[in-house]
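**Student:** Before I ask anything, let me first share the structure, which is written out below as structure tokens.
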Amino acid sequence: MAQASLTNPTDMRARLFGAGSFKYWSVAPLLIILVIFTALPIIQLLQMSVSELEFIEGELVSEFIGLGQLDNLAKDPIAGIAIKNTLVFVVAVVLIETFTGFALAVAISRTRTFSIVYRSVVIIPLLIPPVAIGTMWSLIYDYNYGLITTILIELGVQYLPLWTADPDLALISVIIVDVWHWTSFMFLIMLAGIESIPPSLLEAARVDGANEFRMIRHVILPMMAPTILVAMLLRTILAFKVFDQIFVLTSGGPGTATQVISMHIYKVFSEQFRLGYAAFLSLLVAAFMTVFVVFYFWASRVVRRRLG
Amino acid sequence: MRQKTLHKIILNLALLVVVFIILFPVFYIVQTSLKSTADIYSGTFFFTARTKNYEEIFTGSRSNFAELTRNSLVVSSAVAIICGGIGSLAAYSVSRLNWPRWVTGGILVWLLFINMMPPIVFVTPYYLWARAAGIYDTPAAVVMAHVVLNMPLAVIMMMNFFAEVPKELEEAAVIDGCTQWQAFSRVIVPIVRPGLAAMAVLVFVFSWKEFLFALSLTTTSAGRTIPVGIANFVQEFNIRYGEMAAGSFVAMIPALILVLLAQRHIIKGLTVGAIKG
């Protein structure tokens, strides 16, 4: 294709309406959406986070306060708690789900009998609404009528845990639900990794007399290490999004026991109605996640290069 | 040999336990949704199934699931169609029409970025925009947000499908006198139709289950979707467990149908962003 100059009006017309124009307008709608709905919001957030915003009689009134939101952050005791809770949550779920996902992937890759059934069932948690996962588990956890209580009473146990209503157990309860929900995701990535290991390698190890355990320890794990690493990074990034189930199960409580960052920003936005401060916090989250995502891209590139 | 059989039995038993752990909560929701309040309180496993909870949420005075379901259907269908159209066009352009590498790579990175950003980041700007545009508390506001959220999945999934189509096909079409648009719409799209369908269905389900924007951009049943309706049950002082369970099951139906159709394409779409193993 001839290199057309952008400034030449005839070339411009050819680009927009000529034979090769399909190339440009096929991608245009996507680019328009990306610019308007993902780049502009960041600019808007910058603007909002240096202002105090208020709706007065339905009109949005904005007052410039410069770095005043920093003072608000310093005066906000819950922000620190939310960061701490989020970090505990993320580290716990990533470690647990890496283990459960890997174990499940090894197990399912070893069986052919009901493989299709297992694989179909395993993806269910990734497709049903997280809100419904929340209600499901709140029924299971319910202190008065829940499944666990019913079973414990049946067994004659005296001590009945409060689960989501107990400040010490709430975060753990939420983590359990997340493991139920997201193990499947780690499983899918790990299964793809295991299936890409050359069968001849596994065969050779078997001929050499390796048992199942040694096979996992000395063949599968080393071959999978890069995949596992990247899966953990990706899951870490996604785990920071957690909101829906916590909203349903605990709404961040009791007290601040399960207050995570998304939940906190949502409350600042919808309950305290401090739009400027919510925007400021959103911007901080976006900046932090950007660093993390760039690191993920870098790491997965290194891994891909190593894999071939 | 006998040891091998034993291994297999243990392995399958373990996997059956996993299947049980995954399916049991779903079963429990269905069971609860068919119980009367008295049966829920007594915790019995033996009860007469009744559909009263379902009737209540759809036609009762305290619930508005009829409207919520209509909104959910409208939103998810619109999002699937918009993402399907714009996403496959862009994916085709980017993967086939000789864009410089930096353009292709730039768009891909941008999309993955959106996929990984916590959605709460976009809530305040979208909220202000929806109000300014006068679409706050309508399905249109939710559609706007969901289109953005699902665009990465749509484009990346389609790029994978287009990569599998042999280049000679379009070349032959163009030589035969097709324009690029005709080559795309008459030759390529029919070939990737199964993939396109899988993508649209997956986008539908993802839009169906989205909660944060459906919650933040609406305030009445004029714009709310099913997940928001379910979450409202939990916040009441006296939780109506039976109706909450019934609503939750209704919310799960598209996902359960999708699992029955489960195929390779959909499984791939679930891990968009992961490196290829």
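Naming scheme: A, B, ... for chains in displayed order of the structure tokens; residues 1 onward per chain; ligands 1 onward as shown.
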Range 209-213 of chain B: which residues within 8 Å, counting only C-alpha atoms, same-chain residues fewer than 3 positions away excluded, as a PyMOL selection string?

**Tutor:** (chain A and resi 127-131+243-244) or (chain B and resi 119-120+123+142+145-146+205-206+216-217+227-228+251)

**Student:** Please save C-alpha atoms of the selected residues as a PDB file, in the first residue's frame.

**Tutor:**
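As written to disk, again.pdb reads:
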ATOM      1  CA  LEU A 127     -20.059 -17.821  35.370  1.00  0.00           C
ATOM      2  CA  ILE A 128     -22.702 -17.367  38.045  1.00  0.00           C
ATOM      3  CA  PRO A 129     -23.199 -13.823  39.373  1.00  0.00           C
ATOM      4  CA  PRO A 130     -20.876 -13.065  42.305  1.00  0.00           C
ATOM      5  CA  VAL A 131     -23.873 -11.520  44.041  1.00  0.00           C
ATOM      6  CA  PHE A 243     -16.362  -6.040  45.781  1.00  0.00           C
ATOM      7  CA  ASP A 244     -19.578  -7.925  44.973  1.00  0.00           C
TER       8      ASP A 244
ATOM      9  CA  PRO B 119     -13.835  -1.061  37.988  1.00  0.00           C
ATOM     10  CA  ILE B 120     -14.429   1.154  41.025  1.00  0.00           C
ATOM     11  CA  VAL B 123     -17.533   4.641  38.942  1.00  0.00           C
ATOM     12  CA  VAL B 142     -25.567   0.362  32.549  1.00  0.00           C
ATOM     13  CA  ALA B 145     -20.418   0.858  31.411  1.00  0.00           C
ATOM     14  CA  HIS B 146     -20.779  -2.800  30.447  1.00  0.00           C
ATOM     15  CA  VAL B 205     -23.262 -13.687  30.785  1.00  0.00           C
ATOM     16  CA  PHE B 206     -20.598 -11.276  32.054  1.00  0.00           C
ATOM     17  CA  SER B 216     -23.967   2.761  41.105  1.00  0.00           C
ATOM     18  CA  LEU B 217     -25.668   4.034  37.955  1.00  0.00           C
ATOM     19  CA  PRO B 227     -27.930  -8.741  40.764  1.00  0.00           C
ATOM     20  CA  VAL B 228     -28.884  -5.405  42.343  1.00  0.00           C
ATOM     21  CA  ALA B 251     -29.741 -15.006  38.248  1.00  0.00           C
TER      22      ALA B 251
END

**Student:** Write down as number ranges by chain the residues belonging to range 45-225 of chain A that are assigned strand (DSSP E or B) by DSSP computed on the backbone.

**Tutor:** A: 51-56, 59-64

**Student:** Would you list the contacts of Thr150 in chain A as a list in words, taking every protein, DNA or RNA residue within 10 Å and counting only C-alpha atoms, but skipping same-chain residues closer than 3 positions in sequence?

**Tutor:** Ile140, Asp142, Tyr143, Asn144, Tyr145, Gly146, Leu147, Ile153, Glu154, Leu155, Gly156 and Leu160 of chain A; Tyr41, Ser42, Gly43 and Thr44 of chain B

**Student:** For the residues in the current selection, export N, CA and C atoms as a tab-separated table (two decimals), in the first residue's frame.

**Tutor:**
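Once written, again_8.tsv looks like this:
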chain	number	residue	atom	x	y	z
A	140	ILE	N	-25.55	-20.29	53.74
A	140	ILE	CA	-24.78	-21.36	54.36
A	140	ILE	C	-24.24	-20.91	55.72
A	142	ASP	N	-25.47	-18.48	57.64
A	142	ASP	CA	-26.45	-17.87	58.53
A	142	ASP	C	-26.49	-18.52	59.92
A	143	TYR	N	-26.40	-17.65	60.95
A	143	TYR	CA	-26.26	-18.16	62.31
A	143	TYR	C	-27.51	-18.89	62.78
A	144	ASN	N	-28.68	-18.40	62.38
A	144	ASN	CA	-29.92	-19.00	62.89
A	144	ASN	C	-30.38	-20.21	62.08
A	145	TYR	N	-30.37	-20.04	60.75
A	145	TYR	CA	-31.00	-21.09	59.93
A	145	TYR	C	-30.04	-21.69	58.91
A	146	GLY	N	-28.77	-21.28	58.96
A	146	GLY	CA	-27.84	-21.69	57.92
A	146	GLY	C	-27.48	-23.17	57.95
A	147	LEU	N	-26.90	-23.61	56.86
A	147	LEU	CA	-26.53	-25.01	56.70
A	147	LEU	C	-25.52	-25.44	57.77
A	153	ILE	N	-25.56	-28.29	64.96
A	153	ILE	CA	-26.56	-28.64	65.99
A	153	ILE	C	-26.87	-30.13	65.94
A	154	GLU	N	-27.02	-30.62	64.72
A	154	GLU	CA	-27.26	-32.04	64.49
A	154	GLU	C	-26.16	-32.89	65.14
A	155	LEU	N	-24.91	-32.39	65.04
A	155	LEU	CA	-23.76	-33.11	65.59
A	155	LEU	C	-23.61	-32.90	67.10
A	156	GLY	N	-24.45	-32.01	67.65
A	156	GLY	CA	-24.38	-31.76	69.08
A	156	GLY	C	-23.27	-30.81	69.50
A	160	LEU	N	-21.25	-22.41	68.34
A	160	LEU	CA	-21.67	-22.13	66.97
A	160	LEU	C	-21.01	-20.84	66.49
B	41	TYR	N	-36.83	-22.19	58.34
B	41	TYR	CA	-36.48	-21.97	59.75
B	41	TYR	C	-36.21	-23.28	60.48
B	42	SER	N	-36.93	-24.34	60.10
B	42	SER	CA	-36.73	-25.59	60.83
B	42	SER	C	-35.52	-26.35	60.29
B	43	GLY	N	-35.01	-25.95	59.12
B	43	GLY	CA	-33.79	-26.57	58.59
B	43	GLY	C	-33.99	-28.00	58.12
B	44	THR	N	-35.22	-28.39	57.84
B	44	THR	CA	-35.47	-29.78	57.48
B	44	THR	C	-34.97	-30.10	56.07

**Student:** List as a list in words the protein and nucleic acid residues near Tyr92 in chain B, meaning an atom at most 8 Å away when only C-alpha atoms are counted, but skip any in the same chain fewer than 6 places from it.

**Tutor:**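 Final neighbour list, sorted by chain and number: Ser26 of chain A; Met158, Met159 and Phe162 of chain B.
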
**Student:** Output N, CA and C atoms for every residue in that selection, as a PDB file, in the first residue's frame.

**Tutor:**
ATOM      1  N   SER A  26     -12.884   0.357  10.403  1.00  0.00           N
ATOM      2  CA  SER A  26     -13.200  -0.857  11.169  1.00  0.00           C
ATOM      3  C   SER A  26     -12.676  -0.760  12.600  1.00  0.00           C
TER       4      SER A  26
ATOM      5  N   MET B 158     -11.838 -12.456  19.766  1.00  0.00           N
ATOM      6  CA  MET B 158     -11.977 -12.478  18.308  1.00  0.00           C
ATOM      7  C   MET B 158     -10.622 -12.487  17.621  1.00  0.00           C
ATOM      8  N   MET B 159      -9.636 -11.785  18.192  1.00  0.00           N
ATOM      9  CA  MET B 159      -8.308 -11.798  17.591  1.00  0.00           C
ATOM     10  C   MET B 159      -7.771 -13.222  17.519  1.00  0.00           C
ATOM     11  N   PHE B 162      -9.613 -14.988  14.606  1.00  0.00           N
ATOM     12  CA  PHE B 162      -9.164 -14.550  13.279  1.00  0.00           C
ATOM     13  C   PHE B 162      -7.773 -15.096  12.964  1.00  0.00           C
TER      14      PHE B 162
END

**Student:** So that each row is one residue of chain A with an atom at most 7 Å from chain B, can you give its shortest atom pair and the distance in Å to one decimal, using only C-alpha atoms, rows by chain and rising number, as CSV?

**Tutor:**
residue,atom,partner,partner_atom,distance
A:Phe22,CA,B:Trp181,CA,6.3
A:Lys23,CA,B:Ser93,CA,5.8
A:Ser26,CA,B:Leu89,CA,5.3
A:Val27,CA,B:Ala90,CA,4.3
A:Pro29,CA,B:Ile86,CA,6.3
A:Leu30,CA,B:Ile86,CA,6.3
A:Phe37,CA,B:Val148,CA,6.9
A:Pro41,CA,B:Pro125,CA,5.6
A:Gln44,CA,B:Pro125,CA,6.5
A:Leu45,CA,B:Pro125,CA,6.7
A:Ala107,CA,B:Leu11,CA,6.8
A:Tyr118,CA,B:Val19,CA,6.9
A:Ser120,CA,B:Val259,CA,5.9
A:Val121,CA,B:Val19,CA,6.6
A:Ile124,CA,B:Val259,CA,6.6
A:Leu127,CA,B:Ala255,CA,5.2
A:Ile128,CA,B:Met252,CA,5.2
A:Pro129,CA,B:Lys209,CA,4.2
A:Pro130,CA,B:Lys209,CA,6.9
A:Val131,CA,B:Pro227,CA,5.9
A:Ala132,CA,B:Ser248,CA,5.0
A:Met136,CA,B:Ile29,CA,6.0
A:Tyr145,CA,B:Tyr41,CA,5.6
A:Thr150,CA,B:Gly43,CA,6.4
A:Phe185,CA,B:Thr271,CA,6.9
A:Ile189,CA,B:Thr271,CA,6.8
A:Ala192,CA,B:Gly277,CA,5.7
A:Gly193,CA,B:Gly277,CA,4.5
A:Ser196,CA,B:Gly277,CA,6.3
A:Thr227,CA,B:Gly277,CA,6.5
A:Ala231,CA,B:Ala274,CA,6.8
A:Ile237,CA,B:Met116,CA,6.3
A:Leu238,CA,B:Met116,CA,6.2
A:Phe240,CA,B:Pro118,CA,6.7
A:Lys241,CA,B:Pro118,CA,4.6
A:Asp244,CA,B:Phe211,CA,6.5
A:Val248,CA,B:Ala231,CA,5.9
A:Ser262,CA,B:Ile120,CA,6.0
A:Leu275,CA,B:Thr124,CA,6.8
A:Ala279,CA,B:Thr124,CA,6.3
A:Ser282,CA,B:Val121,CA,4.7
A:Leu283,CA,B:Val121,CA,6.9
A:Ala286,CA,B:Val121,CA,6.5
A:Met289,CA,B:Met117,CA,6.6
A:Ser300,CA,B:Ile275,CA,6.7

**Student:** Any chance you could export the current selection's N, CA and C atoms as a CSV table (one decimal), in the first residue's frame?

**Tutor:**
chain,number,residue,atom,x,y,z
A,22,PHE,N,-11.5,0.7,4.6
A,22,PHE,CA,-12.1,-0.2,5.6
A,22,PHE,C,-11.2,-0.4,6.8
A,23,LYS,N,-9.9,-0.4,6.5
A,23,LYS,CA,-8.9,-0.6,7.5
A,23,LYS,C,-9.0,0.4,8.6
A,26,SER,N,-12.9,0.4,10.4
A,26,SER,CA,-13.2,-0.9,11.2
A,26,SER,C,-12.7,-0.8,12.6
A,27,VAL,N,-11.6,0.0,12.8
A,27,VAL,CA,-11.0,0.1,14.1
A,27,VAL,C,-11.5,1.3,14.8
A,29,PRO,N,-14.5,2.7,15.7
A,29,PRO,CA,-15.4,2.7,16.8
A,29,PRO,C,-14.8,2.2,18.2
A,30,LEU,N,-13.9,1.2,18.0
A,30,LEU,CA,-13.2,0.8,19.3
A,30,LEU,C,-12.3,1.9,19.8
A,37,PHE,N,-14.2,6.6,26.9
A,37,PHE,CA,-14.7,5.9,28.1
A,37,PHE,C,-13.6,5.4,29.0
A,41,PRO,N,-12.1,9.5,31.4
A,41,PRO,CA,-12.4,9.3,32.9
A,41,PRO,C,-11.2,9.6,33.7
A,44,GLN,N,-10.9,13.2,33.9
A,44,GLN,CA,-12.0,13.7,34.8
A,44,GLN,C,-11.6,13.4,36.3
A,45,LEU,N,-11.0,12.3,36.5
A,45,LEU,CA,-10.7,11.9,37.9
A,45,LEU,C,-9.6,12.9,38.4
A,107,ALA,N,-4.8,-33.2,39.1
A,107,ALA,CA,-5.7,-34.3,39.3
A,107,ALA,C,-6.5,-34.5,38.0
A,118,TYR,N,-16.0,-33.1,34.8
A,118,TYR,CA,-15.2,-32.3,35.7
A,118,TYR,C,-15.0,-30.9,35.2
A,120,SER,N,-16.6,-29.1,33.0
A,120,SER,CA,-17.8,-28.3,32.9
A,120,SER,C,-18.2,-27.8,34.3
A,121,VAL,N,-18.2,-28.7,35.2
A,121,VAL,CA,-18.6,-28.3,36.6
A,121,VAL,C,-17.7,-27.2,37.2
A,124,ILE,N,-18.4,-23.5,36.6
A,124,ILE,CA,-19.6,-22.9,37.1
A,124,ILE,C,-19.4,-21.7,38.0
A,127,LEU,N,-19.0,-18.3,36.2
A,127,LEU,CA,-20.1,-17.8,35.4
A,127,LEU,C,-21.3,-17.3,36.1
A,128,ILE,N,-21.5,-17.8,37.3
A,128,ILE,CA,-22.7,-17.4,38.0
A,128,ILE,C,-22.4,-16.0,38.7
A,129,PRO,N,-23.4,-15.2,38.8
A,129,PRO,CA,-23.2,-13.8,39.4
A,129,PRO,C,-22.6,-13.9,40.8
A,130,PRO,N,-21.5,-13.1,41.0
A,130,PRO,CA,-20.9,-13.1,42.3
A,130,PRO,C,-21.9,-12.7,43.4
A,131,VAL,N,-22.9,-11.9,43.0
A,131,VAL,CA,-23.9,-11.5,44.0
A,131,VAL,C,-24.6,-12.8,44.5
A,132,ALA,N,-24.9,-13.7,43.5
A,132,ALA,CA,-25.6,-14.9,43.9
A,132,ALA,C,-24.7,-15.8,44.7
A,136,MET,N,-25.8,-17.2,48.3
A,136,MET,CA,-25.6,-18.6,48.5
A,136,MET,C,-24.9,-18.9,49.8
A,145,TYR,N,-30.4,-20.0,60.8
A,145,TYR,CA,-31.0,-21.1,59.9
A,145,TYR,C,-30.0,-21.7,58.9
A,150,THR,N,-27.1,-25.8,61.1
A,150,THR,CA,-28.0,-26.9,61.2
A,150,THR,C,-27.1,-28.2,61.4
A,185,PHE,N,-10.4,-20.4,38.2
A,185,PHE,CA,-9.6,-19.6,37.3
A,185,PHE,C,-8.2,-20.0,37.3
A,189,ILE,N,-5.9,-21.9,34.0
A,189,ILE,CA,-4.6,-21.5,33.5
A,189,ILE,C,-3.5,-22.6,33.7
A,192,ALA,N,-4.0,-25.5,31.3
A,192,ALA,CA,-3.4,-25.2,30.0
A,192,ALA,C,-1.9,-25.4,30.0
A,193,GLY,N,-1.3,-25.0,31.1
A,193,GLY,CA,0.2,-25.2,31.3
A,193,GLY,C,0.6,-26.6,31.4
A,196,SER,N,0.5,-28.4,28.1
A,196,SER,CA,1.5,-28.1,27.1
A,196,SER,C,2.9,-28.7,27.4
A,227,THR,N,4.5,-20.5,34.4
A,227,THR,CA,3.1,-20.4,34.3
A,227,THR,C,2.5,-20.0,35.6
A,231,ALA,N,0.4,-16.8,36.5
A,231,ALA,CA,-1.0,-16.9,37.0
A,231,ALA,C,-1.2,-16.2,38.4
A,237,ILE,N,-3.7,-9.2,40.6
A,237,ILE,CA,-4.3,-8.0,40.0
A,237,ILE,C,-5.8,-8.1,40.1
A,238,LEU,N,-6.4,-9.3,39.7
A,238,LEU,CA,-7.8,-9.4,39.7
A,238,LEU,C,-8.4,-9.4,41.1
A,240,PHE,N,-7.6,-7.6,43.6
A,240,PHE,CA,-7.8,-6.2,44.1
A,240,PHE,C,-9.2,-5.7,43.7
A,241,LYS,N,-9.8,-6.3,42.7
A,241,LYS,CA,-11.1,-5.8,42.3
A,241,LYS,C,-12.2,-6.2,43.3
A,244,ASP,N,-18.2,-7.4,45.0
A,244,ASP,CA,-19.6,-7.9,45.0
A,244,ASP,C,-19.9,-8.8,46.2
A,248,VAL,N,-22.4,-8.2,49.6
A,248,VAL,CA,-23.5,-9.0,50.0
A,248,VAL,C,-23.3,-9.7,51.3
A,262,SER,N,-12.2,-1.2,47.4
A,262,SER,CA,-13.3,-0.9,46.5
A,262,SER,C,-14.5,-0.6,47.4
A,275,LEU,N,-17.8,13.1,46.4
A,275,LEU,CA,-17.3,12.7,45.1
A,275,LEU,C,-15.9,13.0,44.8
A,279,ALA,N,-13.0,10.3,44.1
A,279,ALA,CA,-12.2,10.4,42.8
A,279,ALA,C,-10.7,10.3,43.2
A,282,SER,N,-9.8,6.8,44.0
A,282,SER,CA,-9.8,6.1,42.7
A,282,SER,C,-8.5,6.3,41.9
A,283,LEU,N,-8.1,7.5,41.9
A,283,LEU,CA,-6.9,7.8,41.2
A,283,LEU,C,-5.7,7.1,41.8
A,286,ALA,N,-5.8,3.6,40.8
A,286,ALA,CA,-5.4,3.5,39.4
A,286,ALA,C,-3.9,3.5,39.2
A,289,MET,N,-2.3,0.3,40.7
A,289,MET,CA,-2.6,-0.8,39.8
A,289,MET,C,-1.8,-0.7,38.5
A,300,SER,N,5.4,-11.3,32.2
A,300,SER,CA,4.9,-12.3,31.3
A,300,SER,C,5.7,-12.3,30.0
